[in-house]
Amino acid sequence: MKGLISNEILQRFLNKETSQAENDEILKWVSASDKNREELRMMHQSFYLSGMEKDLSEIDIDKAWENLALKMPVPKTKKKIIRIDILQKIAASVLIFLTVGFGALWVNEHYFEHAQSAMITIETPKGEKSKVLLPDGTQVWLNSQTTLEYDALNPRKVSMKGEAYFEVGKDRNHPFEVITVSGMKVTVLGTRFNLRSFAADPVVETTLDEGKVMITGIENSRSVFLNPGEQAIYSIRENELQVKSVQTEIYSLWKNNELRFNNISLRELIPRLEHWYGVTVELDPSVSNTDRFTMTIKTESLRELLQMMQLTSKFNYEINGEKITIRTK
Amino acid sequence: MDKKNIGNIKSGDEQAFELLFRKYYRRLCGFANKFIANTAESEEIVQEVFLNIWEKRDHLNLNNEIRPYLFKSVQNLCLNFIEHRKVIDNYYAVIEFIYKNQTEDFSAYESVIYSEFQAKVDHAVDLLPDECRKVFLMSRHEGLKYNEIAEKLGLSVKTVETQMGRALAKLKTELKDYLTILLIALFLN
């Protein structure tokens, strides 16, 4: 019997597609030697672990809790008490929000029935930034026009739209997850990274300073690990992930009220200026896009900046409230 | 967090209990699935473990270490389940046999090793030849049966089986070191 069993039958066994007679045959085979037993165990282990993610994705934890709560014998704790407790939690997290610079922020709380979650939404308005400390110790810097949403009861799973820099509190046992508006997900095993995913952007940009993160495309379609110094560009429509090495510091300077560009075109520059200054820029298509800009912005006004750019590039601009128009000269 | 939480659970704090539940539920179901290979049944087992804890919360002596207790309880219930089931379905008799007297480090399932392992699995799957990979993913990620895969891809069931066998043999070789770590980590600690 020893050694005389095909991979196919073992494979079908793992998939629970073998007949009782075949299972008997397999039982005989594994009993024949320790080597066989070890072999099937390894196969089973690979099979089980490789399908675990899918198995777990089928689980609806809210439903499971509801189901269990129904069976729990003790009379329910009065709802009022739970609510107060949650309110305190929220109050505590609100208190520790720090605003950076001139940022104002809005906090909306929603309570779900039975207090299974307490969603908190933080939004930064145009041209302003803020910094948030999550209950698990994670620090998040929010760039202008960014929304961060999380559950106060489960702060290691957040969703984000816009641009944010994360310094994730260490907890080996609980990976930190950020879901972007595109559905792309970043799972954090280490610590510091910048994530940019505005609703209008065709790509999601993840830049890793330190530690290790895993990027997963829509519906777990593909995933990649990033090492420090690397940037992943995820193309939403094509569902494609590209990794390149970059000078990571320049992508997170915004959080220190500094913006630096290294050899980028006008067209690439504009969305970043829009978020930085909280303006809308209209770029006339006839303006040449061949000029490259390298510069650092700290306290310069938009007008100063545009004047500076005019030294090396030919264009006219017009500022009309929050609307800027750039035309050819 | 567990430590303080358990004190609260003992004094009947349902919210503290819910936190514990939410923290471990998925992982425990994943773990149970190894023995049960049926997510719905696994969920029932894990819920039973939690129900037990809640009912016996006054008498629990956990020394503040609830994680090993949870995994151990789930494993025990799974083995009970197998014990009863193996009489009518000898699939479980094989599973029982291959894991008999095996000890595992439960913490491996939630540690960096596990995340690395997942990445390793993804990488190994990426290395598979096209058809082989397609078949494997349809089976393991979409949960399709062999005849469904065969139909979708216009292949014979036999070919699907061959490809799956090939994929798994390859994975097993690629992952050998990790599988060993997962199985014996306990003895090293």
# chains A, B, ... in the order shown; residues from 1 in each chain; ligands from 1
>>> residues_around(residues="Tyr92 of chain B", least_positions_apart="4", cutoff="6 Å", atoms="only C-alpha atoms", output="ChimeraX atom specification")
/B:82,86,96
>>> closest_atom_pairs(of="chain B", to="chain A", cutoff="7 Å", atoms="only C-alpha atoms", output="Markdown table")
| residue | atom | partner | partner_atom | distance |
| --- | --- | --- | --- | --- |
| B:Glu14 | CA | A:Thr77 | CA | 6.8 |
| B:Arg26 | CA | A:Leu56 | CA | 6.4 |
| B:Gly30 | CA | A:Leu56 | CA | 6.1 |
| B:Lys34 | CA | A:Tyr48 | CA | 6.0 |
| B:Thr39 | CA | A:Asp55 | CA | 6.6 |
| B:Gln47 | CA | A:Leu68 | CA | 6.4 |
| B:Leu51 | CA | A:Met72 | CA | 6.7 |
| B:Asn90 | CA | A:Asn23 | CA | 6.2 |
| B:Tyr91 | CA | A:Asn23 | CA | 6.0 |
| B:Val94 | CA | A:Leu27 | CA | 5.5 |
| B:Ile98 | CA | A:Arg37 | CA | 5.7 |
| B:Glu110 | CA | A:Asn173 | CA | 5.5 |
| B:Ser111 | CA | A:Asn173 | CA | 5.7 |
| B:Val112 | CA | A:Arg172 | CA | 6.8 |
| B:Val121 | CA | A:Ser50 | CA | 6.5 |
| B:Arg140 | CA | A:Gly51 | CA | 5.0 |
| B:His141 | CA | A:Lys54 | CA | 5.5 |
| B:Glu161 | CA | A:Glu8 | CA | 5.4 |
| B:Thr162 | CA | A:Glu8 | CA | 5.7 |
| B:Met164 | CA | A:Gln11 | CA | 6.5 |
| B:Gly165 | CA | A:Glu8 | CA | 5.0 |
| B:Leu168 | CA | A:Met43 | CA | 6.8 |
| B:Leu171 | CA | A:Ser46 | CA | 6.9 |
| B:Lys172 | CA | A:Met43 | CA | 6.0 |
| B:Leu179 | CA | A:Met42 | CA | 6.7 |
>>> residues_around(residues="Ala16 of chain B", least_positions_apart="5", cutoff="7 Å", atoms="only C-alpha atoms", output="list in words")
Asn5, Asn8 and Ile9 of chain B
>>> atom_distance(atom1="atom CA of Gly217 of chain A", atom2="atom CA of Ala199 of chain A")
15.9 Å
>>> residues_around(residues="Gly137 of chain A", least_positions_apart="6", cutoff="10 Å", atoms="only C-alpha atoms", output="list in words")
Pro155, Arg156, Glu167, Val168, Gly169, Lys170 and Asp171 of chain A
>>> select_by_dssp(residues="segment 111-171 of chain B", states="alpha helix (DSSP H)", output="ChimeraX atom specification")
/B:112-126,130-140,146-153,157-171
>>> residues_around(residues="Asn320 of chain A", least_positions_apart="2", cutoff="12 Å", atoms="only C-alpha atoms", output="ChimeraX atom specification")
/A:279-282,303,317-318,322-326
>>> write_last_selection(atoms="C-alpha atoms", output="PDB file, in the first residue's frame")
ATOM      1  CA  VAL A 279      -8.595  75.770  -4.460  1.00  0.00           C
ATOM      2  CA  THR A 280      -9.799  74.514  -7.799  1.00  0.00           C
ATOM      3  CA  VAL A 281      -7.376  74.888 -10.666  1.00  0.00           C
ATOM      4  CA  GLU A 282      -8.502  74.926 -14.230  1.00  0.00           C
ATOM      5  CA  ARG A 303       0.309  83.819  -5.690  1.00  0.00           C
ATOM      6  CA  TYR A 317      -2.817  82.787 -14.304  1.00  0.00           C
ATOM      7  CA  GLU A 318      -5.894  84.378 -12.884  1.00  0.00           C
ATOM      8  CA  GLU A 322     -11.021  79.854  -4.815  1.00  0.00           C
ATOM      9  CA  LYS A 323     -10.837  79.334  -8.535  1.00  0.00           C
ATOM     10  CA  ILE A 324      -7.565  79.550 -10.425  1.00  0.00           C
ATOM     11  CA  THR A 325      -7.267  79.499 -14.175  1.00  0.00           C
ATOM     12  CA  ILE A 326      -3.975  78.784 -15.941  1.00  0.00           C
TER      13      ILE A 326
END
>>> residues_around(residues="Asp58 of chain B", least_positions_apart="5", cutoff="12 Å", atoms="only C-alpha atoms", output="count of residues only")
10
>>> atom_distance(atom1="atom CA of Tyr277 of chain A", atom2="atom CA of Val246 of chain A")
24.9 Å
>>> atom_distance(atom1="atom CA of Ala124 of chain B", atom2="atom CA of Lys170 of chain B")
7.9 Å
>>> residues_around(residues="Leu79 of chain B", least_positions_apart="3", cutoff="9 Å", atoms="only C-alpha atoms", output="list in words")
Phe35, Ile36, Val74, Gln75, Asn76, Ile82, Glu83, His84 and Glu96 of chain B
>>> write_last_selection(atoms="N, CA and C atoms", output="short mmCIF file (atom, residue, chain, number, x, y, z; two decimals), in the first residue's frame")
data_model
loop_
_atom_site.label_atom_id
_atom_site.label_comp_id
_atom_site.auth_asym_id
_atom_site.auth_seq_id
_atom_site.Cartn_x
_atom_site.Cartn_y
_atom_site.Cartn_z
N PHE B 35 -10.55 21.36 11.24
CA PHE B 35 -11.02 20.02 11.59
C PHE B 35 -12.37 19.71 10.94
N ILE B 36 -13.21 20.73 10.87
CA ILE B 36 -14.60 20.53 10.50
C ILE B 36 -14.81 20.65 9.00
N VAL B 74 -12.16 25.25 21.67
CA VAL B 74 -12.65 25.04 20.31
C VAL B 74 -12.11 23.71 19.78
N GLN B 75 -10.83 23.49 20.02
CA GLN B 75 -10.24 22.24 19.54
C GLN B 75 -10.94 21.03 20.16
N ASN B 76 -11.20 21.10 21.45
CA ASN B 76 -11.87 19.98 22.10
C ASN B 76 -13.25 19.71 21.51
N ILE B 82 -15.83 15.46 15.62
CA ILE B 82 -15.23 14.46 14.73
C ILE B 82 -15.52 13.05 15.24
N GLU B 83 -15.35 12.89 16.53
CA GLU B 83 -15.55 11.59 17.16
C GLU B 83 -16.94 11.03 16.81
N HIS B 84 -17.94 11.88 16.89
CA HIS B 84 -19.30 11.43 16.58
C HIS B 84 -19.51 11.24 15.09
N GLU B 96 -8.95 12.86 11.89
CA GLU B 96 -8.59 12.56 13.29
C GLU B 96 -7.24 11.85 13.34
#
>>> decode(residues="segment 289-320 of chain A", atoms="N, CA and C atoms", output="PDB file, in the first residue's frame")
ATOM      1  N   ASN A 289       2.849  70.871 -21.232  1.00  0.00           N
ATOM      2  CA  ASN A 289       3.038  70.066 -20.025  1.00  0.00           C
ATOM      3  C   ASN A 289       4.462  69.526 -19.965  1.00  0.00           C
ATOM      4  N   THR A 290       5.341  70.108 -20.745  1.00  0.00           N
ATOM      5  CA  THR A 290       6.694  69.544 -20.819  1.00  0.00           C
ATOM      6  C   THR A 290       7.628  70.098 -19.743  1.00  0.00           C
ATOM      7  N   ASP A 291       7.292  71.258 -19.172  1.00  0.00           N
ATOM      8  CA  ASP A 291       8.160  71.813 -18.131  1.00  0.00           C
ATOM      9  C   ASP A 291       8.110  70.952 -16.881  1.00  0.00           C
ATOM     10  N   ARG A 292       9.275  70.830 -16.226  1.00  0.00           N
ATOM     11  CA  ARG A 292       9.324  70.050 -14.984  1.00  0.00           C
ATOM     12  C   ARG A 292       9.621  70.992 -13.823  1.00  0.00           C
ATOM     13  N   PHE A 293       9.016  70.712 -12.682  1.00  0.00           N
ATOM     14  CA  PHE A 293       9.204  71.574 -11.520  1.00  0.00           C
ATOM     15  C   PHE A 293       9.815  70.815 -10.364  1.00  0.00           C
ATOM     16  N   THR A 294      10.779  71.469  -9.713  1.00  0.00           N
ATOM     17  CA  THR A 294      11.357  70.922  -8.493  1.00  0.00           C
ATOM     18  C   THR A 294      11.331  72.049  -7.470  1.00  0.00           C
ATOM     19  N   MET A 295      10.583  71.860  -6.400  1.00  0.00           N
ATOM     20  CA  MET A 295      10.498  72.957  -5.420  1.00  0.00           C
ATOM     21  C   MET A 295       9.928  72.480  -4.086  1.00  0.00           C
ATOM     22  N   THR A 296      10.102  73.325  -3.101  1.00  0.00           N
ATOM     23  CA  THR A 296       9.576  73.044  -1.764  1.00  0.00           C
ATOM     24  C   THR A 296       8.689  74.209  -1.349  1.00  0.00           C
ATOM     25  N   ILE A 297       7.498  73.884  -0.897  1.00  0.00           N
ATOM     26  CA  ILE A 297       6.587  74.934  -0.452  1.00  0.00           C
ATOM     27  C   ILE A 297       6.430  74.841   1.054  1.00  0.00           C
ATOM     28  N   LYS A 298       6.576  75.948   1.738  1.00  0.00           N
ATOM     29  CA  LYS A 298       6.308  75.953   3.175  1.00  0.00           C
ATOM     30  C   LYS A 298       5.211  76.966   3.479  1.00  0.00           C
ATOM     31  N   THR A 299       5.612  78.234   3.480  1.00  0.00           N
ATOM     32  CA  THR A 299       4.623  79.245   3.883  1.00  0.00           C
ATOM     33  C   THR A 299       4.200  80.116   2.703  1.00  0.00           C
ATOM     34  N   GLU A 300       4.726  79.815   1.532  1.00  0.00           N
ATOM     35  CA  GLU A 300       4.435  80.645   0.376  1.00  0.00           C
ATOM     36  C   GLU A 300       2.933  80.676   0.087  1.00  0.00           C
ATOM     37  N   SER A 301       2.466  81.844  -0.322  1.00  0.00           N
ATOM     38  CA  SER A 301       1.078  81.930  -0.743  1.00  0.00           C
ATOM     39  C   SER A 301       0.997  81.370  -2.163  1.00  0.00           C
ATOM     40  N   LEU A 302      -0.208  81.097  -2.589  1.00  0.00           N
ATOM     41  CA  LEU A 302      -0.388  80.540  -3.920  1.00  0.00           C
ATOM     42  C   LEU A 302       0.127  81.518  -4.974  1.00  0.00           C
ATOM     43  N   ARG A 303      -0.138  82.812  -4.724  1.00  0.00           N
ATOM     44  CA  ARG A 303       0.309  83.819  -5.690  1.00  0.00           C
ATOM     45  C   ARG A 303       1.843  83.822  -5.801  1.00  0.00           C
ATOM     46  N   GLU A 304       2.503  83.774  -4.632  1.00  0.00           N
ATOM     47  CA  GLU A 304       3.975  83.744  -4.628  1.00  0.00           C
ATOM     48  C   GLU A 304       4.486  82.529  -5.396  1.00  0.00           C
ATOM     49  N   LEU A 305       3.814  81.418  -5.167  1.00  0.00           N
ATOM     50  CA  LEU A 305       4.240  80.185  -5.803  1.00  0.00           C
ATOM     51  C   LEU A 305       4.102  80.271  -7.318  1.00  0.00           C
ATOM     52  N   LEU A 306       2.950  80.772  -7.760  1.00  0.00           N
ATOM     53  CA  LEU A 306       2.720  80.856  -9.201  1.00  0.00           C
ATOM     54  C   LEU A 306       3.719  81.815  -9.848  1.00  0.00           C
ATOM     55  N   GLN A 307       4.014  82.878  -9.136  1.00  0.00           N
ATOM     56  CA  GLN A 307       4.994  83.838  -9.669  1.00  0.00           C
ATOM     57  C   GLN A 307       6.365  83.180  -9.790  1.00  0.00           C
ATOM     58  N   MET A 308       6.679  82.377  -8.787  1.00  0.00           N
ATOM     59  CA  MET A 308       7.954  81.664  -8.792  1.00  0.00           C
ATOM     60  C   MET A 308       8.012  80.705  -9.993  1.00  0.00           C
ATOM     61  N   MET A 309       6.897  80.033 -10.219  1.00  0.00           N
ATOM     62  CA  MET A 309       6.862  79.072 -11.323  1.00  0.00           C
ATOM     63  C   MET A 309       6.971  79.771 -12.673  1.00  0.00           C
ATOM     64  N   GLN A 310       6.468  80.973 -12.718  1.00  0.00           N
ATOM     65  CA  GLN A 310       6.530  81.719 -13.981  1.00  0.00           C
ATOM     66  C   GLN A 310       7.955  82.045 -14.392  1.00  0.00           C
ATOM     67  N   LEU A 311       8.872  81.998 -13.425  1.00  0.00           N
ATOM     68  CA  LEU A 311      10.268  82.288 -13.750  1.00  0.00           C
ATOM     69  C   LEU A 311      10.831  81.249 -14.708  1.00  0.00           C
ATOM     70  N   THR A 312      10.339  80.010 -14.608  1.00  0.00           N
ATOM     71  CA  THR A 312      10.890  78.954 -15.452  1.00  0.00           C
ATOM     72  C   THR A 312       9.894  78.429 -16.478  1.00  0.00           C
ATOM     73  N   SER A 313       8.671  78.887 -16.393  1.00  0.00           N
ATOM     74  CA  SER A 313       7.674  78.308 -17.289  1.00  0.00           C
ATOM     75  C   SER A 313       6.766  79.415 -17.803  1.00  0.00           C
ATOM     76  N   LYS A 314       6.316  79.275 -19.039  1.00  0.00           N
ATOM     77  CA  LYS A 314       5.515  80.352 -19.614  1.00  0.00           C
ATOM     78  C   LYS A 314       4.029  80.077 -19.489  1.00  0.00           C
ATOM     79  N   PHE A 315       3.364  80.792 -18.582  1.00  0.00           N
ATOM     80  CA  PHE A 315       1.905  80.694 -18.515  1.00  0.00           C
ATOM     81  C   PHE A 315       1.341  81.936 -17.828  1.00  0.00           C
ATOM     82  N   ASN A 316       0.053  82.156 -17.987  1.00  0.00           N
ATOM     83  CA  ASN A 316      -0.635  83.235 -17.298  1.00  0.00           C
ATOM     84  C   ASN A 316      -1.605  82.632 -16.312  1.00  0.00           C
ATOM     85  N   TYR A 317      -1.816  83.322 -15.224  1.00  0.00           N
ATOM     86  CA  TYR A 317      -2.817  82.787 -14.304  1.00  0.00           C
ATOM     87  C   TYR A 317      -3.763  83.885 -13.852  1.00  0.00           C
ATOM     88  N   GLU A 318      -4.889  83.438 -13.343  1.00  0.00           N
ATOM     89  CA  GLU A 318      -5.894  84.378 -12.884  1.00  0.00           C
ATOM     90  C   GLU A 318      -6.472  83.780 -11.607  1.00  0.00           C
ATOM     91  N   ILE A 319      -6.476  84.531 -10.525  1.00  0.00           N
ATOM     92  CA  ILE A 319      -7.048  84.019  -9.278  1.00  0.00           C
ATOM     93  C   ILE A 319      -8.384  84.700  -9.050  1.00  0.00           C
ATOM     94  N   ASN A 320      -9.394  83.888  -8.916  1.00  0.00           N
ATOM     95  CA  ASN A 320     -10.723  84.429  -8.729  1.00  0.00           C
ATOM     96  C   ASN A 320     -11.358  83.717  -7.536  1.00  0.00           C
TER      97      ASN A 320
END
